[in-house]
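**Student:** Here you go, one structure.
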Amino acid sequence: MIALALSDQDWQSGAEHVAQEVKKVEALFSVRQSLSDLANDRAAVIAENRHGIGGNNPPLEFELPAAVQSSHTIIWAAVDEIAQQAEAEVPDKSLLQAALEKLDAALRTCIVWAGQKADLAVDTTIKWGIPAAGGYFVLNPSKFQALIEAAKNWIAILP
(Lines give C-alpha, C1' and ligand atoms only; values in the text may rest on other atoms or scores of the structure.)
Protein backbone atom coordinates (compact mmCIF):
# COMPACT_ATOMS: atom_id res chain seq x y z
CA MET A 1 0.00 0.00 0.00
CA ILE A 2 2.75 2.45 0.90
CA ALA A 3 4.61 1.75 -2.31
CA LEU A 4 1.52 2.71 -4.31
CA ALA A 5 1.05 5.92 -2.32
CA LEU A 6 4.45 7.28 -3.38
CA SER A 7 5.03 8.86 -6.76
CA ASP A 8 7.93 8.06 -9.07
CA GLN A 9 9.40 11.43 -8.15
CA ASP A 10 9.31 10.45 -4.46
CA TRP A 11 11.16 7.22 -5.18
CA GLN A 12 13.79 9.08 -7.20
CA SER A 13 14.37 11.67 -4.45
CA GLY A 14 16.44 9.37 -2.28
CA ALA A 15 16.07 7.19 0.79
CA GLU A 16 15.68 10.04 3.27
CA HIS A 17 12.82 11.56 1.27
CA VAL A 18 11.16 8.16 0.88
CA ALA A 19 11.43 7.56 4.63
CA GLN A 20 9.74 10.91 5.32
CA GLU A 21 6.95 10.15 2.83
CA VAL A 22 6.43 6.72 4.39
CA LYS A 23 6.01 8.41 7.79
CA LYS A 24 3.36 10.69 6.29
CA VAL A 25 1.47 7.76 4.77
CA GLU A 26 1.63 5.78 8.02
CA ALA A 27 0.46 8.78 10.07
CA LEU A 28 -2.46 9.42 7.74
CA PHE A 29 -3.35 5.72 7.81
CA SER A 30 -3.42 5.82 11.62
CA VAL A 31 -5.78 8.84 11.55
CA ARG A 32 -8.05 7.13 9.03
CA GLN A 33 -8.08 3.91 11.08
CA SER A 34 -9.12 5.82 14.22
CA LEU A 35 -11.79 7.64 12.22
CA SER A 36 -13.06 4.34 10.86
CA ASP A 37 -13.34 2.86 14.35
CA LEU A 38 -15.31 5.88 15.53
CA ALA A 39 -17.52 5.89 12.43
CA ASN A 40 -18.55 2.29 13.07
CA ASP A 41 -19.42 3.08 16.68
CA ARG A 42 -21.15 6.31 15.72
CA ALA A 43 -23.44 4.46 13.35
CA ALA A 44 -24.34 2.01 16.10
CA VAL A 45 -25.03 4.81 18.60
CA ILE A 46 -27.21 6.68 16.09
CA ALA A 47 -29.08 3.48 15.23
CA GLU A 48 -29.88 3.09 18.92
CA ASN A 49 -32.75 5.58 18.91
CA ARG A 50 -34.09 4.39 22.25
CA HIS A 51 -31.74 5.20 25.12
CA GLY A 52 -32.80 2.61 27.69
CA ILE A 53 -35.36 2.84 30.43
CA GLY A 54 -36.50 6.44 30.71
CA GLY A 55 -34.26 7.36 27.78
CA ASN A 56 -36.84 9.58 26.16
CA ASN A 57 -37.46 11.44 29.39
CA PRO A 58 -34.82 10.61 32.02
CA PRO A 59 -35.25 11.70 35.63
CA LEU A 60 -33.85 15.18 36.30
CA GLU A 61 -30.90 13.86 38.31
CA PHE A 62 -29.77 11.93 35.20
CA GLU A 63 -30.25 14.66 32.61
CA LEU A 64 -27.11 15.90 30.97
CA PRO A 65 -26.16 19.51 31.60
CA ALA A 66 -26.17 21.86 28.60
CA ALA A 67 -22.34 21.89 28.50
CA VAL A 68 -22.24 18.10 28.11
CA GLN A 69 -25.01 18.11 25.52
CA SER A 70 -23.22 20.75 23.45
CA SER A 71 -19.95 18.83 23.87
CA HIS A 72 -21.63 15.87 22.17
CA THR A 73 -22.21 18.01 19.09
CA ILE A 74 -18.76 19.59 19.26
CA ILE A 75 -17.02 16.22 19.52
CA TRP A 76 -18.66 14.80 16.41
CA ALA A 77 -18.17 18.07 14.50
CA ALA A 78 -14.45 17.95 15.35
CA VAL A 79 -14.25 14.31 14.27
CA ASP A 80 -15.96 15.26 10.99
CA GLU A 81 -13.49 18.12 10.44
CA ILE A 82 -10.54 15.79 10.99
CA ALA A 83 -12.12 13.32 8.56
CA GLN A 84 -12.50 16.06 5.94
CA GLN A 85 -8.87 17.04 6.33
CA ALA A 86 -7.79 13.39 6.11
CA GLU A 87 -9.44 13.24 2.69
CA ALA A 88 -8.19 16.63 1.49
CA GLU A 89 -5.57 16.84 -1.22
CA VAL A 90 -3.67 19.37 0.90
CA PRO A 91 -4.73 19.20 4.56
CA ASP A 92 -4.98 22.49 6.45
CA LYS A 93 -2.86 22.23 9.61
CA SER A 94 -4.63 25.15 11.29
CA LEU A 95 -8.05 23.54 10.78
CA LEU A 96 -6.72 20.24 12.08
CA GLN A 97 -5.22 21.91 15.14
CA ALA A 98 -8.47 23.78 15.86
CA ALA A 99 -10.49 20.57 15.51
CA LEU A 100 -8.13 18.77 17.89
CA GLU A 101 -8.43 21.52 20.48
CA LYS A 102 -12.24 21.44 20.27
CA LEU A 103 -12.29 17.65 20.48
CA ASP A 104 -9.99 17.60 23.49
CA ALA A 105 -11.90 20.31 25.38
CA ALA A 106 -15.34 18.81 24.69
CA LEU A 107 -14.20 15.31 25.60
CA ARG A 108 -12.79 16.64 28.88
CA THR A 109 -16.14 18.26 29.64
CA CYS A 110 -17.92 14.90 29.23
CA ILE A 111 -15.35 13.04 31.31
CA VAL A 112 -15.32 15.64 34.09
CA TRP A 113 -19.12 15.54 34.28
CA ALA A 114 -19.08 11.75 34.48
CA GLY A 115 -16.38 11.90 37.14
CA GLN A 116 -18.68 14.00 39.27
CA LYS A 117 -21.32 11.29 39.10
CA ALA A 118 -19.71 8.89 41.55
CA ASP A 119 -22.99 7.27 42.61
CA LEU A 120 -23.17 3.75 41.16
CA ALA A 121 -26.80 4.19 40.15
CA VAL A 122 -25.98 7.30 38.17
CA ASP A 123 -22.91 5.62 36.71
CA THR A 124 -25.05 2.68 35.58
CA THR A 125 -27.51 5.08 33.99
CA ILE A 126 -24.71 6.87 32.17
CA LYS A 127 -23.32 3.60 30.85
CA TRP A 128 -26.57 1.87 29.94
CA GLY A 129 -29.33 4.43 29.98
CA ILE A 130 -28.11 7.33 27.88
CA PRO A 131 -25.11 6.30 25.77
CA ALA A 132 -26.13 8.31 22.71
CA ALA A 133 -26.30 11.52 24.71
CA GLY A 134 -22.83 11.53 26.19
CA GLY A 135 -22.14 8.21 27.85
CA TYR A 136 -20.44 6.92 24.71
CA PHE A 137 -17.64 9.43 25.20
CA VAL A 138 -17.24 8.41 28.83
CA LEU A 139 -17.12 4.73 27.95
CA ASN A 140 -14.74 5.12 25.01
CA PRO A 141 -12.23 7.86 25.78
CA SER A 142 -9.41 5.68 24.47
CA LYS A 143 -10.90 5.72 20.97
CA PHE A 144 -10.95 9.50 20.96
CA GLN A 145 -7.51 9.66 22.53
CA ALA A 146 -6.21 7.38 19.78
CA LEU A 147 -7.60 9.80 17.19
CA ILE A 148 -6.12 12.79 19.00
CA GLU A 149 -2.67 11.17 19.20
CA ALA A 150 -2.79 9.98 15.58
CA ALA A 151 -3.83 13.45 14.38
CA LYS A 152 -1.09 15.14 16.46
CA ASN A 153 1.50 12.80 14.94
CA TRP A 154 0.14 13.53 11.48
CA ILE A 155 0.15 17.31 12.00
CA ALA A 156 3.75 17.15 13.21
CA ILE A 157 4.98 15.80 9.89
CA LEU A 158 2.75 17.78 7.54
CA PRO A 159 4.56 20.49 5.58
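Identifiers in this document derive from the order of the C-alpha coordinates: chains are assigned A, B, ..., residues are numbered from 1 separately in each chain, and ligands are numbered from 1 in order of occurrence.
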Need the shell around A:Val31: protein/DNA/RNA residues with any atom at most 7 Å away, counting only C-alpha atoms. Skip same-chain ones fewer than 3 positions apart. Format as a PyMOL selection string?
**Tutor:** chain A and resi 27-28+34-35+147+150-151
**Student:** Please write the residues from the selection above to a file, keeping N, CA, C and O atoms, as an mmCIF file, in the first residue's frame.
**Tutor:**
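Output file part31.cif is given in full below:
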data_model
loop_
_atom_site.group_PDB
_atom_site.id
_atom_site.type_symbol
_atom_site.label_atom_id
_atom_site.label_comp_id
_atom_site.auth_asym_id
_atom_site.auth_seq_id
_atom_site.Cartn_x
_atom_site.Cartn_y
_atom_site.Cartn_z
ATOM 1 N N ALA A 27 1.190 7.896 9.149
ATOM 2 C CA ALA A 27 0.462 8.779 10.070
ATOM 3 C C ALA A 27 -0.964 9.005 9.580
ATOM 4 O O ALA A 27 -1.918 8.944 10.367
ATOM 5 N N LEU A 28 -1.120 9.232 8.295
ATOM 6 C CA LEU A 28 -2.462 9.419 7.737
ATOM 7 C C LEU A 28 -3.280 8.138 7.868
ATOM 8 O O LEU A 28 -4.469 8.183 8.193
ATOM 9 N N SER A 34 -8.390 5.323 13.049
ATOM 10 C CA SER A 34 -9.119 5.817 14.223
ATOM 11 C C SER A 34 -10.479 6.373 13.818
ATOM 12 O O SER A 34 -11.484 6.142 14.495
ATOM 13 N N LEU A 35 -10.518 7.106 12.717
ATOM 14 C CA LEU A 35 -11.788 7.645 12.222
ATOM 15 C C LEU A 35 -12.758 6.525 11.845
ATOM 16 O O LEU A 35 -13.954 6.617 12.121
ATOM 17 N N LEU A 147 -7.469 8.858 18.302
ATOM 18 C CA LEU A 147 -7.598 9.800 17.186
ATOM 19 C C LEU A 147 -6.786 11.064 17.449
ATOM 20 O O LEU A 147 -6.091 11.553 16.559
ATOM 21 N N ALA A 150 -3.097 10.226 16.993
ATOM 22 C CA ALA A 150 -2.791 9.984 15.576
ATOM 23 C C ALA A 150 -2.782 11.306 14.805
ATOM 24 O O ALA A 150 -1.898 11.550 13.978
ATOM 25 N N ALA A 151 -3.761 12.167 15.078
ATOM 26 C CA ALA A 151 -3.827 13.451 14.380
ATOM 27 C C ALA A 151 -2.653 14.351 14.769
ATOM 28 O O ALA A 151 -2.099 15.059 13.916
#
**Student:** So how far away is atom CA of A:Leu103 from atom CA of A:Ala146, in Å?
**Tutor:** 12.0 Å
**Student:** Please provide the set of residues having any atom within 7 Å of A:Ala106, restricted to only C-alpha atoms, with same-chain residues fewer than 5 positions apart removed, written as a list of chain:residue names.
**Tutor:**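 Listed by chain and then number, they are A:Ser71, A:Ile74, A:Ile75.
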**Student:** Nearest to A:Ala83 among A:Thr109, A:Arg42, A:Ser36, A:Lys102, with distances taken over only C-alpha atoms: which residue is it?
**Tutor:**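 Among the listed residues, the smallest separation from A:Ala83 belongs to A:Ser36.
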**Student:** Could you check which of A:Asp104, A:Gln12, A:Trp76, A:Val22 is closest to A:Ala43, using only C-alpha atoms?
**Tutor:** A:Trp76
**Student:** Hey, which of A:Ser142, A:Leu96, A:Ala39, A:Asn153 ends up closest to A:Ile82? Count only C-alpha atoms.
**Tutor:** A:Leu96
**Student:** Report, in Å with one decimal, the straight-line distance from atom CA of A:Leu95 to atom CA of A:Ala19.
**Tutor:** 25.9 Å
**Student:** Pick out the closest residue to A:Glu21 from this set: A:Asn40, A:Gln145, A:Gln33, A:Ser7. Count only C-alpha atoms.
**Tutor:** A:Ser7
